[in-house]
>>> print(open('run_31.csv').read())   # CSV, C-alpha atoms
chain,number,residue,atom,x,y,z
A,1,MET,CA,-74.2,-62.4,45.4
A,2,THR,CA,-71.5,-61.9,42.7
A,3,SER,CA,-69.3,-58.9,42.9
A,4,HIS,CA,-69.3,-56.3,40.1
A,5,PRO,CA,-66.4,-57.0,37.6
A,6,ARG,CA,-63.8,-54.2,37.6
A,7,LEU,CA,-63.3,-52.5,34.3
A,8,ARG,CA,-59.7,-51.6,33.3
A,9,VAL,CA,-59.3,-48.2,31.8
A,10,LEU,CA,-56.0,-47.2,30.2
A,11,VAL,CA,-55.5,-43.5,30.5
A,12,ASP,CA,-53.5,-41.9,27.7
A,13,THR,CA,-51.3,-39.8,29.9
A,14,PRO,CA,-47.9,-41.4,30.4
A,15,LYS,CA,-46.1,-41.1,33.8
A,16,TYR,CA,-43.0,-39.6,32.2
A,17,PHE,CA,-44.9,-36.5,30.9
A,18,VAL,CA,-44.4,-34.2,33.9
A,19,ARG,CA,-45.2,-30.5,33.5
A,20,PRO,CA,-46.1,-28.8,36.8
A,21,ASN,CA,-48.5,-26.3,35.2
A,22,ASN,CA,-50.1,-28.7,32.7
A,23,THR,CA,-53.6,-29.0,34.0
A,24,ASP,CA,-54.6,-31.7,31.4
A,25,TRP,CA,-51.8,-34.0,32.7
A,26,SER,CA,-52.7,-33.3,36.4
A,27,TYR,CA,-56.4,-33.9,35.7
A,28,MET,CA,-55.9,-37.2,33.9
A,29,ARG,CA,-53.6,-38.4,36.7
A,30,SER,CA,-56.3,-37.6,39.3
A,31,LEU,CA,-58.8,-40.0,37.6
A,32,GLY,CA,-57.2,-42.9,39.6
A,33,LEU,CA,-58.9,-41.5,42.7
A,34,MET,CA,-62.2,-42.7,41.2
A,35,GLU,CA,-61.2,-46.2,42.2
A,36,THR,CA,-62.5,-45.5,45.7
A,37,PHE,CA,-66.0,-44.8,44.3
A,38,ILE,CA,-66.5,-47.3,41.4
A,39,PRO,CA,-65.3,-50.7,40.3
A,40,VAL,CA,-62.7,-49.5,37.8
A,41,ASP,CA,-58.9,-49.8,37.7
A,42,PHE,CA,-57.1,-46.9,36.1
A,43,LEU,CA,-53.9,-47.9,34.2
A,44,TYR,CA,-51.2,-45.5,33.2
A,45,PRO,CA,-48.4,-46.3,30.7
A,46,SER,CA,-45.1,-46.9,32.4
A,47,ASP,CA,-42.9,-46.6,29.3
A,48,PRO,CA,-42.6,-43.3,27.3
A,49,LEU,CA,-43.3,-45.1,24.1
A,50,ASP,CA,-46.3,-47.3,25.0
A,51,ILE,CA,-48.9,-45.0,23.4
A,52,VAL,CA,-46.5,-42.7,21.5
A,53,ASP,CA,-48.7,-43.4,18.4
A,54,SER,CA,-51.2,-41.0,19.9
A,55,ALA,CA,-52.0,-38.3,17.4
A,56,PHE,CA,-52.7,-34.6,17.4
A,57,LEU,CA,-54.8,-32.6,14.9
A,58,ILE,CA,-52.9,-30.2,12.6
A,59,GLY,CA,-54.9,-28.5,9.9
A,60,GLY,CA,-57.6,-31.2,10.0
A,61,ARG,CA,-55.2,-34.1,9.6
A,62,ILE,CA,-54.1,-36.7,12.1
A,63,CYS,CA,-50.4,-35.9,12.6
A,64,PRO,CA,-48.5,-38.4,14.9
A,65,PRO,CA,-45.5,-37.2,16.9
A,66,LEU,CA,-42.1,-37.3,15.3
A,67,ALA,CA,-41.1,-40.2,17.6
A,68,ARG,CA,-43.6,-42.5,15.8
A,69,ARG,CA,-41.9,-42.0,12.5
A,70,LEU,CA,-38.6,-43.0,14.0
A,71,TYR,CA,-39.9,-46.4,15.2
A,72,THR,CA,-38.8,-49.6,13.6
A,73,PRO,CA,-41.6,-52.1,13.0
A,74,HIS,CA,-40.1,-54.3,15.8
A,75,ILE,CA,-40.3,-51.5,18.4
A,76,ARG,CA,-43.8,-50.5,17.4
A,77,THR,CA,-45.0,-54.1,17.7
A,78,LEU,CA,-43.3,-54.4,21.1
A,79,ASN,CA,-45.0,-51.3,22.4
A,80,LEU,CA,-48.4,-52.3,21.2
A,81,ARG,CA,-47.8,-55.7,22.8
A,82,ARG,CA,-47.1,-53.9,26.1
A,83,VAL,CA,-50.4,-52.1,25.8
A,84,VAL,CA,-52.3,-55.3,25.1
A,85,ASN,CA,-50.6,-57.1,28.0
A,86,MET,CA,-52.1,-54.4,30.3
A,87,ARG,CA,-55.4,-55.9,29.3
A,88,PRO,CA,-57.4,-52.7,29.2
A,89,ASP,CA,-61.1,-52.8,28.5
A,90,ILE,CA,-61.1,-49.1,27.3
A,91,VAL,CA,-58.5,-46.4,26.4
A,92,LEU,CA,-59.5,-42.9,27.7
A,93,SER,CA,-57.6,-40.0,26.0
A,94,HIS,CA,-58.0,-36.3,26.6
A,95,ARG,CA,-57.3,-34.2,23.5
A,96,ARG,CA,-54.8,-36.7,22.0
A,97,PHE,CA,-56.1,-39.7,20.1
A,98,PRO,CA,-54.5,-43.2,20.4
A,99,VAL,CA,-54.4,-44.4,16.8
A,100,ASN,CA,-52.4,-47.5,17.7
A,101,CYS,CA,-55.1,-49.1,19.9
A,102,ARG,CA,-57.4,-50.3,17.1
A,103,ASN,CA,-58.4,-53.4,18.9
A,104,ILE,CA,-59.5,-51.6,22.1
A,105,PRO,CA,-62.5,-49.2,22.4
A,106,VAL,CA,-61.4,-45.6,22.7
A,107,ILE,CA,-63.2,-42.8,24.5
A,108,TRP,CA,-62.0,-39.4,23.2
A,109,HIS,CA,-62.4,-36.6,25.8
A,110,HIS,CA,-62.7,-33.6,23.5
A,111,ALA,CA,-65.3,-31.2,22.0
A,112,VAL,CA,-65.8,-28.2,19.7
A,113,LEU,CA,-66.4,-25.4,22.2
A,114,ASP,CA,-69.4,-23.1,22.3
A,115,PRO,CA,-69.4,-21.5,18.8
A,116,GLU,CA,-70.9,-18.2,20.2
A,117,MET,CA,-68.1,-17.9,22.7
A,118,GLN,CA,-65.4,-18.7,20.2
A,119,LEU,CA,-66.7,-16.1,17.8
A,120,PHE,CA,-66.9,-13.5,20.5
A,121,ALA,CA,-63.2,-14.2,21.5
A,122,HIS,CA,-62.0,-14.7,18.0
A,123,PRO,CA,-64.3,-13.1,15.4
A,124,GLN,CA,-62.4,-14.6,12.5
A,125,CYS,CA,-62.7,-18.1,13.9
A,126,ASP,CA,-63.9,-20.7,11.3
A,127,ILE,CA,-66.3,-22.9,13.3
A,128,ALA,CA,-67.2,-25.2,10.4
A,129,ARG,CA,-63.5,-25.9,10.0
A,130,LYS,CA,-63.1,-26.8,13.7
A,131,TYR,CA,-66.0,-29.3,13.3
A,132,ASP,CA,-64.4,-30.8,10.2
A,133,GLU,CA,-61.0,-31.1,11.9
A,134,GLN,CA,-62.4,-33.2,14.7
A,135,SER,CA,-64.9,-35.1,12.7
A,136,GLU,CA,-62.5,-37.9,11.8
A,137,MET,CA,-61.7,-38.6,15.5
A,138,TYR,CA,-65.4,-38.5,16.4
A,139,HIS,CA,-66.0,-41.2,13.9
A,140,LEU,CA,-63.0,-43.3,14.9
A,141,ALA,CA,-63.9,-43.2,18.6
A,142,THR,CA,-66.2,-45.6,20.3
A,143,GLY,CA,-67.4,-42.8,22.6
A,144,VAL,CA,-66.8,-39.1,22.9
A,145,GLN,CA,-66.8,-37.5,26.4
A,146,VAL,CA,-68.0,-33.9,26.6
A,147,SER,CA,-68.6,-31.8,29.7
A,148,THR,CA,-72.3,-31.0,29.5
A,149,VAL,CA,-75.7,-32.1,28.2
A,150,SER,CA,-75.8,-29.0,26.0
A,151,GLU,CA,-72.5,-29.9,24.4
A,152,ALA,CA,-73.6,-33.4,23.8
A,153,SER,CA,-76.9,-32.3,22.2
A,154,ARG,CA,-75.1,-29.8,19.9
A,155,HIS,CA,-72.6,-32.4,18.7
A,156,ALA,CA,-75.4,-35.0,18.2
A,157,GLU,CA,-77.3,-32.6,16.1
A,158,ARG,CA,-74.2,-31.9,14.0
A,159,TYR,CA,-73.4,-35.6,13.7
A,160,PRO,CA,-76.8,-37.4,13.7
A,161,ASP,CA,-75.2,-40.7,12.4
A,162,ILE,CA,-73.1,-41.0,15.6
A,163,GLY,CA,-75.2,-38.9,18.0
A,164,GLU,CA,-75.3,-41.7,20.6
A,165,ARG,CA,-71.5,-41.6,20.9
A,166,PHE,CA,-71.5,-38.2,22.7
A,167,HIS,CA,-71.6,-38.7,26.5
A,168,PRO,CA,-72.2,-35.7,28.8
A,169,VAL,CA,-69.9,-36.5,31.8
A,170,PRO,CA,-68.5,-33.6,33.9
A,171,PHE,CA,-65.0,-33.3,35.1
A,172,PHE,CA,-64.0,-35.3,38.2
A,173,LEU,CA,-62.9,-32.9,41.1
A,174,PRO,CA,-62.0,-35.2,44.0
A,175,HIS,CA,-60.3,-32.4,46.1
A,176,LEU,CA,-63.5,-30.6,47.0
A,177,THR,CA,-65.2,-30.7,50.4
A,178,PRO,CA,-68.6,-29.0,50.4
A,179,VAL,CA,-69.3,-26.3,53.0
A,180,GLU,CA,-71.6,-27.2,55.9
A,181,LEU,CA,-75.0,-25.5,55.9
A,182,ASP,CA,-74.5,-23.8,59.2
A,183,SER,CA,-71.2,-22.3,57.9
A,184,LEU,CA,-72.9,-21.2,54.8
A,185,HIS,CA,-75.6,-19.3,56.7
A,186,ARG,CA,-73.1,-17.9,59.2
A,187,LYS,CA,-70.9,-16.3,56.6
A,188,HIS,CA,-73.9,-14.8,54.7
A,189,PHE,CA,-75.3,-13.3,57.8
A,190,ASP,CA,-71.9,-11.8,58.6
A,191,ASP,CA,-72.3,-9.3,55.7
A,192,GLN,CA,-71.5,-5.9,56.9
A,193,LEU,CA,-68.5,-6.1,54.6
A,194,LEU,CA,-69.2,-8.2,51.5
A,195,ARG,CA,-66.3,-10.3,50.4
A,196,VAL,CA,-66.0,-10.7,46.6
A,197,LEU,CA,-63.4,-13.1,45.1
A,198,PHE,CA,-61.9,-13.4,41.6
A,199,VAL,CA,-59.5,-16.2,40.7
A,200,GLY,CA,-57.8,-16.6,37.4
A,201,ARG,CA,-54.2,-16.8,36.1
A,202,ASP,CA,-55.2,-15.1,32.8
A,203,ALA,CA,-56.9,-12.0,34.2
A,204,LYS,CA,-58.1,-10.5,30.9
A,205,ARG,CA,-59.5,-13.7,29.5
A,206,LYS,CA,-61.2,-14.4,32.8
A,207,GLY,CA,-62.8,-10.9,32.8
A,208,LEU,CA,-61.0,-9.1,35.6
A,209,ASP,CA,-61.1,-5.8,33.7
A,210,LEU,CA,-64.8,-6.2,33.2
A,211,LEU,CA,-65.4,-6.9,36.9
A,212,LEU,CA,-63.4,-3.9,37.9
A,213,HIS,CA,-65.2,-1.7,35.4
A,214,ALA,CA,-68.5,-3.0,36.8
A,215,VAL,CA,-67.5,-2.2,40.4
A,216,ALA,CA,-66.6,1.4,39.3
A,217,LEU,CA,-70.2,1.7,38.0
A,218,LEU,CA,-71.7,0.9,41.4
A,219,PRO,CA,-73.1,3.7,43.6
A,220,PRO,CA,-70.5,4.8,46.2
A,221,ASP,CA,-72.4,3.3,49.1
A,222,ALA,CA,-72.6,-0.1,47.4
A,223,ARG,CA,-68.9,0.1,46.4
A,224,ARG,CA,-67.9,0.8,50.0
A,225,ARG,CA,-69.5,-2.4,51.2
A,226,LEU,CA,-67.2,-4.5,49.0
A,227,HIS,CA,-63.8,-6.1,49.9
A,228,ILE,CA,-62.4,-7.6,46.7
A,229,THR,CA,-59.8,-10.3,46.7
A,230,ILE,CA,-58.0,-11.0,43.5
A,231,VAL,CA,-55.8,-14.1,42.8
A,232,THR,CA,-54.0,-13.7,39.5
A,233,SER,CA,-50.5,-13.6,38.1
A,234,PHE,CA,-51.8,-11.5,35.1
A,235,GLY,CA,-50.7,-14.3,32.8
A,236,ASP,CA,-52.1,-12.6,29.7
A,237,GLY,CA,-51.1,-9.0,30.5
A,238,GLU,CA,-51.2,-6.5,33.4
A,239,ILE,CA,-54.5,-4.9,34.4
A,240,PRO,CA,-54.2,-1.8,36.6
A,241,LEU,CA,-55.9,-2.2,40.0
A,242,PRO,CA,-57.9,1.0,40.9
A,243,ALA,CA,-57.1,3.1,43.9
A,244,GLY,CA,-59.8,4.0,46.4
A,245,THR,CA,-61.3,0.5,46.4
A,246,SER,CA,-60.7,-2.2,49.0
A,247,ILE,CA,-58.7,-4.7,47.0
A,248,GLU,CA,-56.4,-7.5,48.2
A,249,HIS,CA,-54.2,-9.1,45.5
A,250,TYR,CA,-52.3,-12.3,45.5
A,251,ALA,CA,-50.1,-13.4,42.5
A,252,ALA,CA,-50.7,-17.0,43.3
A,253,LEU,CA,-51.9,-19.2,46.2
A,254,PRO,CA,-51.9,-23.0,46.8
A,255,PRO,CA,-55.2,-24.6,45.8
A,256,ALA,CA,-56.2,-25.3,49.4
A,257,ASP,CA,-55.8,-21.6,50.2
A,258,VAL,CA,-58.0,-20.6,47.3
A,259,VAL,CA,-60.7,-23.0,48.5
A,260,ALA,CA,-60.3,-21.5,52.0
A,261,LEU,CA,-60.9,-18.0,50.5
A,262,MET,CA,-64.0,-19.3,48.8
A,263,HIS,CA,-65.4,-20.7,52.0
A,264,ARG,CA,-65.1,-17.2,53.5
A,265,CYS,CA,-66.3,-15.1,50.6
A,266,HIS,CA,-69.9,-14.2,49.9
A,267,ILE,CA,-69.7,-13.6,46.1
A,268,PHE,CA,-67.5,-15.4,43.5
A,269,ALA,CA,-67.3,-13.3,40.3
A,270,MET,CA,-65.5,-14.4,37.2
A,271,PRO,CA,-67.3,-13.1,34.1
A,272,SER,CA,-64.9,-14.9,31.7
A,273,ARG,CA,-64.6,-14.0,28.0
A,274,PHE,CA,-63.6,-17.6,27.1
A,275,GLU,CA,-64.0,-20.6,29.3
A,276,SER,CA,-64.0,-24.3,28.2
A,277,PHE,CA,-65.5,-25.5,31.6
A,278,GLY,CA,-64.3,-23.6,34.7
A,279,PHE,CA,-63.2,-25.7,37.7
A,280,THR,CA,-63.3,-22.6,39.8
A,281,TYR,CA,-67.1,-22.2,39.4
A,282,VAL,CA,-67.7,-25.7,40.7
A,283,GLU,CA,-65.3,-25.0,43.6
A,284,ALA,CA,-67.2,-21.8,44.4
A,285,MET,CA,-70.5,-23.7,44.2
A,286,ALA,CA,-69.2,-26.3,46.7
A,287,SER,CA,-68.0,-23.4,49.0
A,288,GLY,CA,-71.5,-21.8,49.3
A,289,CYS,CA,-70.8,-18.7,47.3
A,290,ALA,CA,-73.3,-16.7,45.3
A,291,VAL,CA,-71.6,-17.1,41.8
A,292,VAL,CA,-71.5,-14.6,39.0
A,293,GLY,CA,-70.3,-16.3,35.8
A,294,PRO,CA,-70.5,-15.8,32.0
A,295,ALA,CA,-73.6,-16.7,30.0
A,296,TRP,CA,-71.8,-19.1,27.7
A,297,GLU,CA,-73.1,-22.5,26.9
A,298,VAL,CA,-71.3,-24.6,29.5
A,299,GLN,CA,-71.6,-22.0,32.3
A,300,ARG,CA,-75.4,-21.6,31.7
A,301,GLU,CA,-75.7,-25.3,32.5
A,302,LEU,CA,-73.3,-25.2,35.4
A,303,LEU,CA,-75.1,-22.3,37.1
A,304,GLY,CA,-78.6,-23.1,35.9
A,305,ASN,CA,-81.7,-23.7,38.0
A,306,GLY,CA,-80.8,-21.1,40.6
A,307,ALA,CA,-77.2,-22.1,41.1
A,308,GLY,CA,-75.8,-18.7,40.0
A,309,LEU,CA,-76.1,-15.6,37.9
A,310,THR,CA,-74.9,-15.6,34.3
A,311,VAL,CA,-74.1,-12.4,32.5
A,312,ARG,CA,-72.8,-11.2,29.2
A,313,PRO,CA,-69.2,-9.8,29.1
A,314,ASP,CA,-70.7,-6.3,29.7
A,315,PRO,CA,-69.7,-4.2,32.7
A,316,GLY,CA,-73.3,-2.8,33.0
A,317,MET,CA,-74.8,-6.3,33.2
A,318,ILE,CA,-72.1,-7.3,35.7
A,319,ALA,CA,-72.8,-4.2,37.8
A,320,ASP,CA,-76.5,-5.0,37.8
A,321,ALA,CA,-75.8,-8.6,39.0
A,322,LEU,CA,-73.6,-7.3,41.8
A,323,LEU,CA,-76.1,-4.7,42.9
A,324,THR,CA,-78.8,-7.5,43.1
A,325,LEU,CA,-76.5,-9.4,45.4
A,326,ILE,CA,-75.4,-6.4,47.5
A,327,ALA,CA,-79.0,-5.3,48.0
A,328,SER,CA,-80.4,-8.7,49.1
A,329,ARG,CA,-79.0,-11.0,51.7
A,330,GLN,CA,-81.8,-13.5,51.0
A,331,ARG,CA,-80.9,-13.5,47.3
A,332,ARG,CA,-77.3,-14.3,48.1
A,333,ILE,CA,-78.4,-17.1,50.4
A,334,ASP,CA,-80.8,-18.6,47.9
A,335,LEU,CA,-78.1,-18.6,45.2
A,336,ALA,CA,-75.5,-20.1,47.5
A,337,LEU,CA,-77.9,-22.8,48.6
A,338,GLY,CA,-78.9,-23.5,45.0
A,339,ALA,CA,-75.2,-23.7,44.0
A,340,LEU,CA,-74.4,-26.1,46.9
A,341,ARG,CA,-77.4,-28.3,46.1
A,342,ARG,CA,-76.5,-28.4,42.4
A,343,TYR,CA,-72.9,-29.3,43.2
A,344,LYS,CA,-74.0,-32.2,45.4
A,345,GLU,CA,-76.5,-33.5,42.8
A,346,ARG,CA,-74.3,-33.2,39.7
A,347,TYR,CA,-70.6,-32.4,40.4
A,348,SER,CA,-69.6,-34.1,43.6
A,349,PRO,CA,-66.9,-36.8,43.2
A,350,SER,CA,-69.3,-39.8,43.9
A,351,VAL,CA,-71.9,-38.6,41.4
A,352,VAL,CA,-69.3,-37.8,38.7
A,353,ALA,CA,-67.6,-41.2,39.3
A,354,ASP,CA,-70.9,-43.0,38.8
A,355,ALA,CA,-71.4,-41.0,35.5
A,356,HIS,CA,-68.0,-42.2,34.3
A,357,LEU,CA,-68.9,-45.8,35.2
A,358,ARG,CA,-72.1,-45.6,33.2
A,359,MET,CA,-70.1,-44.2,30.2
A,360,PHE,CA,-67.5,-46.9,30.4
A,361,GLU,CA,-70.1,-49.7,30.6
A,362,ARG,CA,-72.0,-48.2,27.7
A,363,VAL,CA,-68.9,-47.9,25.5
A,364,VAL,CA,-67.9,-51.5,26.3
A,365,ARG,CA,-71.3,-52.7,25.3
A,366,ASP,CA,-71.3,-50.7,22.1
A,367,TRP,CA,-67.9,-52.1,21.2
A,368,GLN,CA,-68.9,-55.7,21.9
A,369,ASP,CA,-72.1,-55.3,19.9
A,370,LYS,CA,-70.1,-54.3,16.8
A,371,GLN,CA,-67.6,-57.2,17.1
>>> encode(input="run_31.csv", output="structure tokens")
Amino acid sequence: MTSHPRLRVLVDTPKYFVRPNNTDWSYMRSLGLMETFIPVDFLYPSDPLDIVDSAFLIGGRICPPLARRLYTPHIRTLNLRRVVNMRPDIVLSHRRFPVNCRNIPVIWHHAVLDPEMQLFAHPQCDIARKYDEQSEMYHLATGVQVSTVSEASRHAERYPDIGERFHPVPFFLPHLTPVELDSLHRKHFDDQLLRVLFVGRDAKRKGLDLLLHAVALLPPDARRRLHITIVTSFGDGEIPLPAGTSIEHYAALPPADVVALMHRCHIFAMPSRFESFGFTYVEAMASGCAVVGPAWEVQRELLGNGAGLTVRPDPGMIADALLTLIASRQRRIDLALGALRRYKERYSPSVVADAHLRMFERVVRDWQDKQ
């Protein structure tokens, strides 16, 4: 029996680019952990100039960084040779686009976000222009990775000539350990005091004010049953925390402590005004929480099929969702079990790694067919 050949994926996130709070960089560096699940080697540039030709979009035009214009032809050729010598089968780039890898298939991990959500957050937003700005890269890429099936379908409808290039592959979250079923049931039966958790550095964008307003709308007896834990540094502006409510606030916590809070809480509520994906929803699902999230395109798919409650950014709707969960232990357990099941089926590391492998193999085949 022959072994499966290992694909070599060059990730467009150089080692030198270190920003502690840059989640894009941290996420792309974590992809190497997929090697324990699938026959893929993840390669990272070791020289700052290896993929410096990666471009950004400005006003709908590909605009390479200044460093590219300072290159001599000799240096540019040398750096391209270094990339070629790494023998990648694919280049995977998140947000940036590697325009100097023309002889290697490129997967671009990017998308035009939910138009309804964008228009809610920014009423003057020109959605047609956003599509036009990214259209050139969509057509240059061999494949485009998006987060959900609904995003892939929307883009395929917009670009029917390249609809097959859009691959719905979720984010890879290797740090999660799902809660055990007996622990899930134990915490939901220990519900004399219901623990509600909100996590989000940008408190206003994530809807903390909406959640607090919703809690204020609850009947006093329901409100007294809640203990609310808030983890936020108020990155987009201070939100006053009301007196007379059981609230515990942390400016920041290590990721492991946040997950530990999720394992203890009954309800995770983050009715975000704007959310491109939302790692914290998946973390809460794996932790056996009853999740309340926004009714935007991506989160409807994340929390669909009984994995959570989705609400508009309206305090009354959020209050109704909370009342439903406060009134019924069985409803909380059903949602928590549904969330845990959906996490295991669609968002666990092994499942997401397999989805990446299928995308990589498809892109390589598509590239070879065109040669």
>>> closest_residue(input="run_31.csv", among="A:Tyr250, A:Phe234, A:Tyr138, A:Phe279", to="Val106 in chain A", atoms="only C-alpha atoms")
A:Tyr138
>>> residues_around(input="run_31.csv", residues="range 139-156 of chain A", least_positions_apart="3", cutoff="8 Å", atoms="all atoms listed in the file", output="PyMOL selection string")
chain A and resi 105-111+113-114+135-136+159-160+162-171+277+297-298+301+363+366-367
>>> atom_distance(input="run_31.csv", atom1="CA of Tyr131 in chain A", atom2="CA of Glu157 in chain A")
12.1 Å
>>> atom_distance(input="run_31.csv", atom1="CA of Trp296 in chain A", atom2="CA of Pro115 in chain A")
9.5 Å
>>> residues_near_point(input="run_31.csv", point="(-73.7, -19.2, 56.7)", cutoff="10 Å", atoms="all atoms listed in the file", output="list of chain:residue names")
A:Val179, A:Glu180, A:Leu181, A:Asp182, A:Ser183, A:Leu184, A:His185, A:Arg186, A:Lys187, A:His188, A:Phe189, A:Asp190, A:His263, A:Arg264, A:His266, A:Gly288, A:Cys289, A:Ile333, A:Ala336, A:Leu337
>>> closest_residue(input="run_31.csv", among="A:Leu309, A:Val231, A:Leu176, A:Ala260", to="Arg332 in chain A", atoms="only C-alpha atoms")
A:Leu309
>>> closest_residue(input="run_31.csv", among="A:Arg87, A:Phe268, A:Arg365, A:Ala286", to="Ala321 in chain A", atoms="all atoms listed in the file")
A:Phe268
>>> atom_distance(input="run_31.csv", atom1="CA of Pro45 in chain A", atom2="CA of Gln371 in chain A")
25.9 Å
>>> residues_around(input="run_31.csv", residues="Ala307 in chain A", least_positions_apart="3", cutoff="8 Å", atoms="only C-alpha atoms", output="PyMOL selection string")
chain A and resi 285+290-291+302-304+335-342
>>> closest_residue(input="run_31.csv", among="A:Ala252, A:Met34, A:Leu218, A:Leu210", to="Pro174 in chain A", atoms="all atoms listed in the file")
A:Met34
>>> residues_around(input="run_31.csv", residues="Ala243 in chain A", least_positions_apart="4", cutoff="12 Å", atoms="all atoms listed in the file", output="ChimeraX atom specification")
/A:212,216,247-248
>>> closest_residue(input="run_31.csv", among="A:Ile267, A:Ala353, A:Leu208, A:Met117", to="Ser30 in chain A", atoms="only C-alpha atoms")
A:Ala353
>>> closest_residue(input="run_31.csv", among="A:Asp314, A:Leu357, A:Arg224, A:Thr245", to="Pro5 in chain A", atoms="all atoms listed in the file")
A:Leu357
>>> residues_around(input="run_31.csv", residues="Phe198 in chain A", least_positions_apart="4", cutoff="6 Å", atoms="only C-alpha atoms", output="ChimeraX atom specification")
/A:230,269-270
>>> residues_around(input="run_31.csv", residues="Asp354 in chain A", least_positions_apart="5", cutoff="12 Å", atoms="only C-alpha atoms", output="PyMOL selection string")
chain A and resi 34-40+169-172+345-349+359-361
>>> decode(input="run_31.csv", residues="range 206-242 of chain A", atoms="C-alpha atoms", output="short mmCIF file (atom, residue, chain, number, x, y, z; two decimals), in the first residue's frame")
data_model
loop_
_atom_site.label_atom_id
_atom_site.label_comp_id
_atom_site.auth_asym_id
_atom_site.auth_seq_id
_atom_site.Cartn_x
_atom_site.Cartn_y
_atom_site.Cartn_z
CA LYS A 206 -19.59 43.11 19.90
CA GLY A 207 -22.90 44.39 21.33
CA LEU A 208 -22.23 44.64 25.07
CA ASP A 209 -24.47 47.70 25.34
CA LEU A 210 -27.26 45.80 23.57
CA LEU A 211 -26.85 42.88 25.98
CA LEU A 212 -26.89 45.12 29.07
CA HIS A 213 -29.98 46.94 27.76
CA ALA A 214 -31.66 43.57 27.19
CA VAL A 215 -30.86 42.46 30.75
CA ALA A 216 -32.40 45.70 32.06
CA LEU A 217 -35.63 44.81 30.21
CA LEU A 218 -35.95 41.46 32.02
CA PRO A 219 -38.42 41.05 34.89
CA PRO A 220 -36.70 41.52 38.27
CA ASP A 221 -37.01 37.84 39.26
CA ALA A 222 -35.34 36.75 36.00
CA ARG A 223 -32.62 39.37 36.34
CA ARG A 224 -31.81 38.22 39.88
CA ARG A 225 -31.03 34.73 38.57
CA LEU A 226 -28.18 36.00 36.37
CA HIS A 227 -24.50 36.37 37.15
CA ILE A 228 -22.86 38.12 34.20
CA THR A 229 -19.14 37.87 33.49
CA ILE A 230 -17.72 40.38 31.02
CA VAL A 231 -14.26 40.14 29.46
CA THR A 232 -13.46 43.33 27.56
CA SER A 233 -10.90 46.11 27.48
CA PHE A 234 -13.50 48.49 25.95
CA GLY A 235 -11.27 48.81 22.88
CA ASP A 236 -13.80 50.92 20.97
CA GLY A 237 -15.03 53.06 23.85
CA GLU A 238 -16.20 52.76 27.45
CA ILE A 239 -19.64 51.33 28.20
CA PRO A 240 -20.93 52.00 31.74
CA LEU A 241 -21.73 48.86 33.71
CA PRO A 242 -25.03 49.15 35.58
#
